[in-house]
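Student: Contents of entry_17.txt (compact mmCIF, C-alpha atoms and all ligand atoms) are below:
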# COMPACT_ATOMS: atom_id res chain seq x y z
CA MET A 1 72.56 137.93 212.63
CA HIS A 2 75.71 137.22 214.59
CA LEU A 3 77.32 134.39 216.46
CA GLU A 4 76.74 134.99 220.17
CA ARG A 5 78.23 131.91 221.73
CA VAL A 6 79.97 128.60 221.04
CA GLU A 7 79.54 125.80 223.56
CA MET A 8 81.78 122.75 223.26
CA ILE A 9 82.16 119.58 225.25
CA GLY A 10 84.43 116.67 224.33
CA PHE A 11 85.42 118.34 221.06
CA LYS A 12 89.12 117.83 220.27
CA SER A 13 91.17 119.55 223.02
CA PHE A 14 88.01 120.91 224.74
CA ALA A 15 87.33 117.92 227.02
CA ASP A 16 85.37 119.93 229.60
CA LYS A 17 82.42 122.13 228.80
CA THR A 18 83.82 125.32 227.32
CA VAL A 19 81.68 128.34 226.51
CA ILE A 20 83.09 131.11 224.36
CA GLU A 21 81.07 134.32 224.19
CA PHE A 22 81.47 136.48 221.12
CA ASP A 23 80.56 139.90 222.48
CA LYS A 24 80.05 142.49 219.77
CA GLY A 25 83.41 143.84 218.67
CA VAL A 26 85.45 140.66 219.10
CA THR A 27 87.73 140.57 216.08
CA ALA A 28 90.47 138.11 217.03
CA ILE A 29 91.26 135.09 219.12
CA VAL A 30 94.82 134.83 220.29
CA GLY A 31 96.62 132.14 222.25
CA PRO A 32 99.81 130.12 222.42
CA ASN A 33 100.56 127.41 219.87
CA GLY A 34 98.43 124.35 220.47
CA SER A 35 95.95 126.15 222.72
CA GLY A 36 92.98 125.31 220.47
CA LYS A 37 92.41 128.29 218.18
CA SER A 38 92.10 126.11 215.08
CA ASN A 39 90.04 123.57 217.04
CA LEU A 40 87.53 126.33 217.82
CA SER A 41 87.19 127.31 214.16
CA GLU A 42 86.82 123.64 213.26
CA ALA A 43 84.10 123.23 215.89
CA ILE A 44 82.16 126.04 214.19
CA ARG A 45 82.76 124.61 210.71
CA TRP A 46 81.62 121.16 211.88
CA VAL A 47 78.25 122.45 213.14
CA LEU A 48 77.81 124.40 209.91
CA GLY A 49 77.82 121.04 208.13
CA GLU A 50 81.40 120.00 207.44
CA GLN A 51 81.36 116.36 206.37
CA SER A 52 84.99 115.83 205.48
CA ALA A 53 87.13 114.55 208.35
CA LYS A 54 90.18 115.68 206.39
CA ASN A 55 88.99 119.31 206.50
CA LEU A 56 88.92 118.92 210.29
CA ARG A 57 92.46 117.50 210.27
CA GLY A 58 91.33 113.94 211.04
CA MET A 59 91.19 110.55 209.33
CA LYS A 60 87.66 109.70 210.44
CA MET A 61 84.93 111.99 211.69
CA ASN A 62 85.01 110.54 215.22
CA ASP A 63 88.66 111.66 215.54
CA ILE A 64 87.17 114.94 216.71
CA VAL A 65 86.09 113.32 219.99
CA PHE A 66 88.55 114.18 222.79
CA SER A 67 91.01 111.28 222.73
CA GLY A 68 92.56 111.78 226.16
CA SER A 69 95.65 113.53 227.47
CA ASP A 70 98.35 112.86 230.09
CA SER A 71 95.95 113.90 232.80
CA ARG A 72 92.53 112.93 231.40
CA LYS A 73 90.82 109.84 230.09
CA PRO A 74 89.19 109.97 226.61
CA VAL A 75 85.49 110.83 226.44
CA ASN A 76 82.81 109.16 224.34
CA ILE A 77 80.86 112.08 222.95
CA ALA A 78 81.69 115.40 221.32
CA GLU A 79 79.03 118.08 221.18
CA VAL A 80 79.16 121.61 219.83
CA THR A 81 76.40 124.22 219.92
CA LEU A 82 76.41 127.53 218.07
CA VAL A 83 74.04 130.14 219.45
CA LEU A 84 73.09 132.70 216.82
CA ASN A 85 71.33 135.98 217.37
CA ASN A 86 68.50 135.96 214.83
CA GLU A 87 66.75 139.20 215.77
CA ASP A 88 66.97 140.34 212.15
CA ARG A 89 65.45 137.00 211.01
CA THR A 90 68.32 136.26 208.63
CA LEU A 91 67.58 132.63 209.33
CA PRO A 92 64.06 131.84 208.12
CA ILE A 93 62.85 130.63 211.52
CA ASP A 94 60.71 132.58 213.95
CA PHE A 95 63.11 132.73 216.91
CA THR A 96 65.29 135.61 218.06
CA GLU A 97 67.94 133.16 219.24
CA VAL A 98 68.73 129.98 217.33
CA SER A 99 70.89 127.18 218.64
CA LEU A 100 72.43 124.68 216.25
CA THR A 101 73.91 121.54 217.78
CA ARG A 102 75.84 118.62 216.39
CA ARG A 103 76.87 115.59 218.41
CA ILE A 104 78.99 112.54 217.57
CA ASN A 105 79.94 109.45 219.56
CA ARG A 106 82.99 107.19 219.31
CA ASN A 107 81.13 104.88 216.92
CA GLY A 108 80.71 107.77 214.53
CA GLU A 109 76.94 108.10 215.09
CA THR A 110 75.85 111.70 214.79
CA GLU A 111 72.82 113.68 215.87
CA CYS A 112 71.74 117.22 215.04
CA PHE A 113 69.43 119.64 216.78
CA ILE A 114 67.88 122.98 215.95
CA ASN A 115 66.82 124.76 219.15
CA ARG A 116 67.38 121.43 220.96
CA LYS A 117 64.87 119.63 218.72
CA PRO A 118 66.32 116.63 216.84
CA CYS A 119 66.67 117.14 213.09
CA ARG A 120 68.66 115.87 210.12
CA LEU A 121 71.97 117.43 209.14
CA LYS A 122 70.23 118.43 205.91
CA ASP A 123 67.64 120.46 207.87
CA LEU A 124 70.47 122.29 209.56
CA THR A 125 72.38 123.03 206.37
CA ASP A 126 69.15 123.96 204.54
CA LEU A 127 68.41 126.49 207.28
CA LEU A 128 71.82 128.05 206.75
CA MET A 129 71.67 128.12 202.98
CA ASP A 130 71.70 131.69 201.67
CA SER A 131 72.43 133.05 205.14
CA GLY A 132 76.06 133.59 204.20
CA ILE A 133 77.32 131.35 206.99
CA GLY A 134 77.37 127.93 205.32
CA LYS A 135 80.51 125.86 205.81
CA ASP A 136 81.72 126.88 202.35
CA SER A 137 80.84 130.56 202.69
CA PHE A 138 83.27 133.38 203.28
CA SER A 139 82.34 133.74 206.91
CA LEU A 140 84.99 131.10 207.62
CA ILE A 141 88.19 131.43 205.64
CA SER A 142 90.64 128.71 206.56
CA GLN A 143 94.39 128.94 206.18
CA GLY A 144 95.21 128.59 202.51
CA LYS A 145 91.66 129.32 201.29
CA VAL A 146 92.47 132.83 200.11
CA GLU A 147 95.22 131.42 197.88
CA LYS A 148 92.86 128.69 196.69
CA ILE A 149 90.23 131.27 195.72
CA PHE A 150 92.80 133.18 193.66
CA GLN A 151 94.01 130.00 192.00
CA SER A 152 90.57 128.53 191.35
CA LYS A 153 89.10 128.25 187.87
CA PRO A 154 86.45 130.81 186.87
CA GLU A 155 83.66 128.19 187.20
CA GLU A 156 84.80 127.32 190.74
CA ARG A 157 84.96 130.99 191.65
CA ARG A 158 81.48 131.44 190.23
CA PHE A 159 80.15 129.06 192.90
CA ILE A 160 81.38 131.46 195.60
CA PHE A 161 79.48 134.35 193.99
CA GLU A 162 76.41 132.18 193.64
CA GLU A 163 76.49 131.29 197.33
CA ALA A 164 76.82 135.01 198.17
CA ALA A 165 74.02 135.98 195.79
CA GLY A 166 71.70 133.34 197.20
CA VAL A 167 71.30 131.19 194.11
CA ALA A 168 73.26 128.20 195.47
CA LYS A 169 70.14 126.93 197.22
CA TYR A 170 68.14 126.82 194.00
CA LYS A 171 70.99 125.18 192.09
CA THR A 172 71.21 122.42 194.72
CA ARG A 173 67.45 121.91 194.57
CA LYS A 174 67.54 121.88 190.75
CA LEU A 175 70.20 119.16 190.81
CA GLY A 176 68.06 117.11 193.22
CA ALA A 177 64.98 117.56 191.02
CA GLU A 178 66.93 116.59 187.88
CA ARG A 179 68.22 113.45 189.60
CA LYS A 180 64.66 112.47 190.56
CA LEU A 181 63.45 113.21 187.02
CA ASN A 182 66.11 110.93 185.54
CA GLU A 183 65.20 108.16 187.98
CA THR A 184 61.52 108.52 187.05
CA ARG A 185 62.42 108.41 183.33
CA GLU A 186 64.33 105.17 183.92
CA HIS A 187 61.37 103.70 185.80
CA LEU A 188 59.06 104.70 182.94
CA ASN A 189 61.36 103.00 180.44
CA ARG A 190 61.25 99.85 182.55
CA VAL A 191 57.44 99.99 182.66
CA GLU A 192 57.29 100.46 178.89
CA ASP A 193 59.62 97.46 178.42
CA ILE A 194 57.39 95.32 180.61
CA LEU A 195 54.24 96.51 178.78
CA HIS A 196 55.92 95.71 175.50
CA GLU A 197 56.72 92.19 176.72
CA ILE A 198 53.14 91.61 177.88
CA LYS A 199 51.71 92.75 174.53
P1 LIG A 201 98.71 126.87 216.38
O1 LIG A 201 98.82 128.30 216.84
O2 LIG A 201 100.00 126.13 216.54
O3 LIG A 201 98.08 126.68 215.02
P2 LIG A 201 96.21 126.26 217.75
O4 LIG A 201 95.95 127.20 218.90
O5 LIG A 201 95.47 126.50 216.49
O6 LIG A 201 97.78 126.13 217.48
P3 LIG A 201 95.01 123.69 217.69
O7 LIG A 201 95.61 123.17 216.45
O8 LIG A 201 93.62 124.17 217.64
O9 LIG A 201 95.92 124.80 218.31
O10 LIG A 201 95.06 122.60 218.85
C1 LIG A 201 95.99 121.56 218.81
C2 LIG A 201 95.85 120.76 220.09
O11 LIG A 201 94.63 120.05 220.09
C3 LIG A 201 96.96 119.74 220.16
O12 LIG A 201 97.52 119.78 221.46
C4 LIG A 201 96.25 118.42 219.95
O13 LIG A 201 96.83 117.37 220.69
C5 LIG A 201 94.87 118.72 220.50
N1 LIG A 201 93.88 117.84 219.89
C6 LIG A 201 93.46 117.77 218.61
N2 LIG A 201 92.56 116.79 218.45
C7 LIG A 201 92.39 116.23 219.66
C8 LIG A 201 91.59 115.13 220.14
N3 LIG A 201 90.73 114.46 219.35
N4 LIG A 201 91.69 114.82 221.45
C9 LIG A 201 92.50 115.50 222.27
N5 LIG A 201 93.28 116.53 221.89
C10 LIG A 201 93.23 116.88 220.60
Once more with this new file: its structure as structure tokens, please.
Tutor:
Amino acid sequence: MHLERVEMIGFKSFADKTVIEFDKGVTAIVGPNGSGKSNLSEAIRWVLGEQSAKNLRGMKMNDIVFSGSDSRKPVNIAEVTLVLNNEDRTLPIDFTEVSLTRRINRNGETECFINRKPCRLKDLTDLLMDSGIGKDSFSLISQGKVEKIFQSKPEERRFIFEEAAGVAKYKTRKLGAERKLNETREHLNRVEDILHEIK
């Protein structure tokens, strides 16, 4: 699987529709300071499920919507689409090309799409789990992350290996199941209390 194309409109400095093709062999993106290199990597990270505005250098998530420039008025919607080549079926979905889209408006309302069909953000991140391209995977290493990995505690570093080995998905599901189990136990206790009172 590889990233074939990124399409952006209204995302940070990319007010107009911008399509960036990643032909095989592209290894670097260069440009003058402020030309949008970091914005492009943030656009990718955002579609992959980033939920922290701070990690996208903003205060609120809707700060990523183009806020205007000397020559252009602000826009109301930011939309980014990643087009992935899935010929090798790395993503467990029966399409050779998969498009992942995330959209946000000025009010902070977001929408997600897989192959242009509306879905939840969770569906999108679930699809990416174990593919090696989640927002926290090594496919995107932000400035300072290398240092952070070296300085992290062994347990934190273990999470990285778990993501790479494909067990992160099961750990997340286990946590969800345990949470539900605890809730059910609490409900059962309540029922037993009520039964006790009735008796
Ligand atoms: P450097 O090489 O200095 O790190 P860069 O190529 O990575 O630069 P970016 O940081 O991606 O550049 O882009 C910064 C530009 O994006 C700035 O001009 C900033 O004003 C613009 N920008 C960021 N957010 C928005 C926004 N919401 N609306 C409009 N422009 C924005």
Student: Measuring between only C-alpha atoms, which one of A:Glu87, A:Glu50, A:Glu42, A:Asp70 shows the shortest distance to His2 (chain A)?
Tutor: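 Smallest separation from His2 (chain A) among the options: A:Glu87.
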Student: Just checking: using all atoms listed in the file, which residue out of A:Lys60, A:Lys37, A:Lys171, A:His187 ends up closest to ligand LIG 201 (chain A)?
Tutor: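 Of all the options, A:Lys37 lies closest to ligand LIG 201 (chain A).
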Student: Write out, as JSON lines, each residue of chain A that has an atom at most 10 Å from ligand LIG 201 (chain A), together with the closest pair of atoms and their distance in Å to one decimal, counting all atoms listed in the file, rows going by chain and rising number.
Tutor:
{"residue": "A:Gly10", "atom": "CA", "partner": "A:LIG201", "partner_atom": "N4", "distance": 8.0}
{"residue": "A:Phe11", "atom": "CA", "partner": "A:LIG201", "partner_atom": "N3", "distance": 6.8}
{"residue": "A:Lys12", "atom": "CA", "partner": "A:LIG201", "partner_atom": "C8", "distance": 3.7}
{"residue": "A:Ser13", "atom": "CA", "partner": "A:LIG201", "partner_atom": "N5", "distance": 3.9}
{"residue": "A:Phe14", "atom": "CA", "partner": "A:LIG201", "partner_atom": "N5", "distance": 7.4}
{"residue": "A:Ala15", "atom": "CA", "partner": "A:LIG201", "partner_atom": "C9", "distance": 7.4}
{"residue": "A:Ile29", "atom": "CA", "partner": "A:LIG201", "partner_atom": "O4", "distance": 9.2}
{"residue": "A:Val30", "atom": "CA", "partner": "A:LIG201", "partner_atom": "O4", "distance": 7.8}
{"residue": "A:Gly31", "atom": "CA", "partner": "A:LIG201", "partner_atom": "O4", "distance": 6.0}
{"residue": "A:Pro32", "atom": "CA", "partner": "A:LIG201", "partner_atom": "O1", "distance": 6.0}
{"residue": "A:Asn33", "atom": "CA", "partner": "A:LIG201", "partner_atom": "O1", "distance": 3.6}
{"residue": "A:Gly34", "atom": "CA", "partner": "A:LIG201", "partner_atom": "O9", "distance": 3.3}
{"residue": "A:Ser35", "atom": "CA", "partner": "A:LIG201", "partner_atom": "O4", "distance": 4.0}
{"residue": "A:Gly36", "atom": "CA", "partner": "A:LIG201", "partner_atom": "O8", "distance": 3.1}
{"residue": "A:Lys37", "atom": "CA", "partner": "A:LIG201", "partner_atom": "O4", "distance": 3.8}
{"residue": "A:Ser38", "atom": "CA", "partner": "A:LIG201", "partner_atom": "O8", "distance": 3.6}
{"residue": "A:Asn39", "atom": "CA", "partner": "A:LIG201", "partner_atom": "O8", "distance": 3.7}
{"residue": "A:Leu40", "atom": "CA", "partner": "A:LIG201", "partner_atom": "O8", "distance": 6.5}
{"residue": "A:Ser41", "atom": "CA", "partner": "A:LIG201", "partner_atom": "O8", "distance": 8.0}
{"residue": "A:Glu42", "atom": "CA", "partner": "A:LIG201", "partner_atom": "O8", "distance": 8.1}
{"residue": "A:Ala43", "atom": "CA", "partner": "A:LIG201", "partner_atom": "O8", "distance": 9.7}
{"residue": "A:Leu56", "atom": "CA", "partner": "A:LIG201", "partner_atom": "N2", "distance": 9.2}
{"residue": "A:Arg57", "atom": "CA", "partner": "A:LIG201", "partner_atom": "N2", "distance": 8.2}
{"residue": "A:Gly58", "atom": "CA", "partner": "A:LIG201", "partner_atom": "N2", "distance": 8.0}
{"residue": "A:Met61", "atom": "CA", "partner": "A:LIG201", "partner_atom": "N3", "distance": 9.9}
{"residue": "A:Asn62", "atom": "CA", "partner": "A:LIG201", "partner_atom": "N3", "distance": 8.1}
{"residue": "A:Asp63", "atom": "CA", "partner": "A:LIG201", "partner_atom": "N3", "distance": 5.2}
{"residue": "A:Ile64", "atom": "CA", "partner": "A:LIG201", "partner_atom": "N3", "distance": 4.5}
{"residue": "A:Val65", "atom": "CA", "partner": "A:LIG201", "partner_atom": "N3", "distance": 4.8}
{"residue": "A:Phe66", "atom": "CA", "partner": "A:LIG201", "partner_atom": "N4", "distance": 3.5}
{"residue": "A:Ser67", "atom": "CA", "partner": "A:LIG201", "partner_atom": "N4", "distance": 3.8}
{"residue": "A:Gly68", "atom": "CA", "partner": "A:LIG201", "partner_atom": "C9", "distance": 5.4}
{"residue": "A:Ser69", "atom": "CA", "partner": "A:LIG201", "partner_atom": "C9", "distance": 6.4}
{"residue": "A:Arg72", "atom": "CA", "partner": "A:LIG201", "partner_atom": "C9", "distance": 9.5}
{"residue": "A:Lys73", "atom": "CA", "partner": "A:LIG201", "partner_atom": "C9", "distance": 9.8}
{"residue": "A:Pro74", "atom": "CA", "partner": "A:LIG201", "partner_atom": "N4", "distance": 7.5}
{"residue": "A:Val75", "atom": "CA", "partner": "A:LIG201", "partner_atom": "N4", "distance": 8.9}
{"residue": "A:Ala78", "atom": "CA", "partner": "A:LIG201", "partner_atom": "N3", "distance": 9.3}
{"residue": "A:Gln143", "atom": "CA", "partner": "A:LIG201", "partner_atom": "O3", "distance": 9.8}
Student: I'd like the interatomic distance between CA of Gly132 (chain A) and CA of Glu79 (chain A), to a tenth of an Å.
Tutor: 23.2 Å
Student: Which of these, A:Ile20, A:Leu100, A:Cys119, A:Ile141, has the shortest distance to Leu48 (chain A) once you count only C-alpha atoms?
Tutor: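 Closest to Leu48 (chain A), using only C-alpha atoms: A:Leu100.
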Student: How many Å separate CA of Asn105 (chain A) from CA of Ile77 (chain A)?
Tutor: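 Spanning CA of Asn105 (chain A) to CA of Ile77 (chain A) is a straight-line distance of 4.4 Å.
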Student: So how far away is CA of Ser52 (chain A) from CA of Pro154 (chain A), in Å?
Tutor: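 These atoms are spaced 23.9 Å apart.
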Student: Just checking: using only C-alpha atoms, which residue out of A:Thr125, A:Ser99, A:Thr172, A:Asn76 ends up closest to Phe113 (chain A)?
Tutor: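 Checking each candidate against Phe113 (chain A), we get A:Ser99 as the closest.
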Student: Show which residues sit within 8 Å of Phe22 (chain A), as a list in words. Count all atoms listed in the file, and ignore same-chain residues fewer than 5 positions away.
Tutor: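 After dropping sequence-adjacent residues, the list is Leu3, Glu4 and Arg5 of chain A.
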Student: Show me, as a list of chain:residue names, the residues that have an atom within 8 Å of Thr96 (chain A) when counting all atoms listed in the file, minus same-chain residues fewer than 6 positions from it.
Tutor: A:Asn85, A:Asn86, A:Glu87, A:Asp88, A:Arg89
Student: Need the axis-aligned box for region 151-162 of chain A with 3 Å each side, so what are the centre and edges in Å to one decimal, as AutoDock Vina command-line options?
Tutor:
--center_x 85.2 --center_y 130.8 --center_z 191.2 --size_x 23.6 --size_y 13.0 --size_z 14.7
